[in-house]
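S.K.: Below: one structure in structure tokens.
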Amino acid sequence: MAKGDKKLETRKRIIDAASRSFRKNGFAGIGVDGIAKEAGVTSGAFYSHLGSKQNAFDTALIAGLDEVIEAIPKFQAENKNWVETFSRYYLGQEHINDLSCGCAMTTLSPEVVKCNVTTHALYQKKMTHIVELIADGLINTAESERIANAWSLLGILIGGLTIARAVEDDIVVEKIASSIIATAISLAD
């Protein structure tokens, strides 16, 4: 493997480890040493690639939101009733149970609230792009209502996933998920 390829692979491992760690533990719940250990690198390598914990968070945030940006058009292209399919995936048991690989919108949004204006701006730019993608797929909705419905859809899904993750009773989790899914579908009609 070429030196440049190895460096890129190491950087990707660090970003992936940071993403999993921040999603699972929050910004305050994991340090540089923990992220480096998770990535299988030294703390020096972490700093060499990302410079700071805040930069690692911003990079992980961008990567996580880019996952959503890539996923939305795929859901739209592959499913006639893409909002229902996406909502069922989003509030599915696997997504509910897996904090470290779950959606960055749900796990990292509360962390962004505590960050600096630069992080807020990165977040806003990515979330606005996600909303525009969702709005483009709401073809049964009046054009003038698409952006509002897209924000509502995101808010309902993110909030629903947060609540579902916070309760312990599987029956309650299922009630939350089915209620949120029904409401999400109604926004696409």
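Going through the structure tokens in order, the chains are called A, B, and so on, while each chain numbers its residues from 1 and the ligands are numbered from 1 in the order shown.
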I'd like the contact shell of Val83 (chain A) - 7 Å cut-off, only C-alpha atoms, skipping same-chain residues fewer than 4 positions apart - returned as a PyMOL selection string.
M.R.: chain A and resi 87+185+188
S.K.: I'd like the neighbourhood of Ala150 (chain A) as a list in words, where a residue qualifies if any of its atoms comes within 8 Å (using only C-alpha atoms), though same-chain residues fewer than 5 positions away should be ignored.
M.R.: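 My list of contacting residues is Val131, Glu132, Ile134, Ala135 and Leu138 of chain A.
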S.K.: Excluding Gly159 (chain A) and residues on its chain fewer than 4 positions from it, collect all residues at most 8 Å away from it, counting only C-alpha atoms, and give them as number ranges by chain.
M.R.: A: 106, 155, 163
S.K.: Can you pull out every residue within 10 Å of region 5-12 of chain A, counting only C-alpha atoms, but drop anything in the same chain fewer than 3 positions away, and send it as a ChimeraX atom specification?
M.R.: /A:1-2,15-18,39-41,45-46,48-50
S.K.: Take CA of Glu143 (chain A) and CA of Ser109 (chain A) and report the distance between them in Å, one decimal.
M.R.: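 It comes out at 27.4 Å.
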S.K.: Hey, what does DSSP flag as helix (DSSP H, G or I) within region 11-177 of chain A? Can you give it to me as a ChimeraX atom specification?
M.R.: /A:11-25,32-39,43-50,53-78,82-90,93-97,104-112,117-137,143-166,170-177
S.K.: Which residues are near Thr85 (chain A)? Cut-off 12 Å, only C-alpha atoms, ignore same chain within fewer than 6 positions. Put them as a PyMOL selection string.
M.R.: chain A and resi 71-72+74-79+91-92+181-182+184-185+188
S.K.: Output the selection as a PDB file, in the first residue's frame - C-alpha atoms for each residue.
M.R.:
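What ended up in result.pdb:
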```pdb
ATOM      1  CA  ALA A  71     -29.430   7.776   1.547  1.00  0.00           C
ATOM      2  CA  ILE A  72     -32.449  10.016   0.833  1.00  0.00           C
ATOM      3  CA  LYS A  74     -31.649   6.155  -2.850  1.00  0.00           C
ATOM      4  CA  PHE A  75     -34.833   5.708  -0.813  1.00  0.00           C
ATOM      5  CA  GLN A  76     -36.648   7.983  -3.254  1.00  0.00           C
ATOM      6  CA  ALA A  77     -35.367   6.157  -6.356  1.00  0.00           C
ATOM      7  CA  GLU A  78     -35.959   2.640  -5.043  1.00  0.00           C
ATOM      8  CA  ASN A  79     -39.338   3.023  -3.336  1.00  0.00           C
ATOM      9  CA  LEU A  91     -37.768   3.778  13.513  1.00  0.00           C
ATOM     10  CA  GLY A  92     -36.829   0.123  13.055  1.00  0.00           C
ATOM     11  CA  ILE A 181     -44.513   6.429  11.105  1.00  0.00           C
ATOM     12  CA  ALA A 182     -48.233   7.111  10.547  1.00  0.00           C
ATOM     13  CA  ALA A 184     -44.669  10.883   8.800  1.00  0.00           C
ATOM     14  CA  ILE A 185     -46.638   9.159   6.037  1.00  0.00           C
ATOM     15  CA  ALA A 188     -46.194  12.919   2.280  1.00  0.00           C
TER      16      ALA A 188
END
```
S.K.: List the spatial neighbours of Thr119 (chain A) as a ChimeraX atom specification - criterion: any atom at most 12 Å away, only C-alpha atoms, same-chain residues fewer than 5 positions off excluded.
M.R.: /A:54-62,108-109,111-114,124-126
S.K.: Quick one: of A:Lys175, A:Ser19, A:Ala121, A:Ala164, who's nearest to Asn97 (chain A), counting only C-alpha atoms?
M.R.: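 Comparing A:Lys175, A:Ser19, A:Ala121, A:Ala164 against Asn97 (chain A), the winner is A:Ala164.
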S.K.: Point out the residue among A:Pro110, A:Leu187, A:Asn116, A:Gly4 with the least atom-to-atom distance to Ala148 (chain A), counting only C-alpha atoms.
M.R.: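 Of A:Pro110, A:Leu187, A:Asn116, A:Gly4, the one nearest Ala148 (chain A), counting only C-alpha atoms, is A:Leu187.
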S.K.: Restricting the calculation to only C-alpha atoms, which member of A:Ile35, A:Ile176, A:Ile147, A:Leu161 is positioned closest to Phe22 (chain A)?
M.R.: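 Residue with the minimum atom-to-atom distance to Phe22 (chain A): A:Ile35.
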S.K.: Please, what distance in Å, to one decimal, runs between CA of Gly102 (chain A) and CA of Ile156 (chain A)?
M.R.: 16.2 Å
S.K.: Would you please work out which residue, of A:Arg88, A:Val32, A:Gln93, A:Leu65, is nearest to Tyr123 (chain A) when using only C-alpha atoms?
M.R.: A:Leu65
S.K.: Please compute the CA of Arg20 (chain A)-CA of Asp33 (chain A) distance, one decimal, in Å.
M.R.: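 According to the coordinates, CA of Arg20 (chain A) and CA of Asp33 (chain A) are separated by 14.2 Å.
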